[in-house]
Amino acid sequence: MATVVNFRTPMMLGAYLDDIIFPCSRTELLYCAEENDAPDAILDAIENLPERRYWSVDDIVAKFILRASP
């Protein structure tokens, strides 16, 4: 079962990925979020993302929404 993170806006996730350069991998996302002291719920959600290239914060948020769908 996927970890579901309820983001009000992509800006909340973006705050923890301030230093990321897109495109990037899931590993790079996780490293950046850890460096920016993201809460465990966000780190867990990033760890559960598919390993692929991400092109923007909106791309990442779309993956969270798709994974949360029944």
# chains A, B, ... in the order shown; residues from 1 in each chain; ligands from 1
$ select_by_dssp --residues "segment 5-54 of chain A" --states "strand (DSSP E)" --output "JSON, numbers by chain"
{"A": [24, 25, 53, 54]}
$ residues_around --residues "Asn36 of chain A" --least-positions-apart "2" --cutoff "12 Å" --atoms "only C-alpha atoms" --output "ChimeraX atom specification"
/A:13-20,29-34,38-40,42-43
$ closest_residue --among "A:Met12, A:Asp37, A:Arg26, A:Val61" --to "Leu49 of chain A" --atoms "only C-alpha atoms"
A:Arg26
$ select_by_dssp --residues "segment 18-55 of chain A" --states "alpha helix (DSSP H)" --output "ChimeraX atom specification"
/A:26-35,40-47
$ residues_around --residues "Phe22 of chain A" --least-positions-apart "5" --cutoff "10 Å" --atoms "only C-alpha atoms" --output "JSON list (two decimals) with C-alpha atoms, in the first residue's frame"
[["chain", "number", "residue", "atom", "x", "y", "z"],
["A", 28, "GLU", "CA", 17.94, 12.85, -6.09],
["A", 29, "LEU", "CA", 14.50, 13.92, -4.83],
["A", 53, "ARG", "CA", 12.99, 10.93, -14.18],
["A", 54, "TYR", "CA", 10.80, 13.71, -12.78],
["A", 55, "TRP", "CA", 10.46, 16.93, -14.70],
["A", 56, "SER", "CA", 8.82, 19.30, -12.18],
["A", 57, "VAL", "CA", 7.17, 19.50, -8.77]]
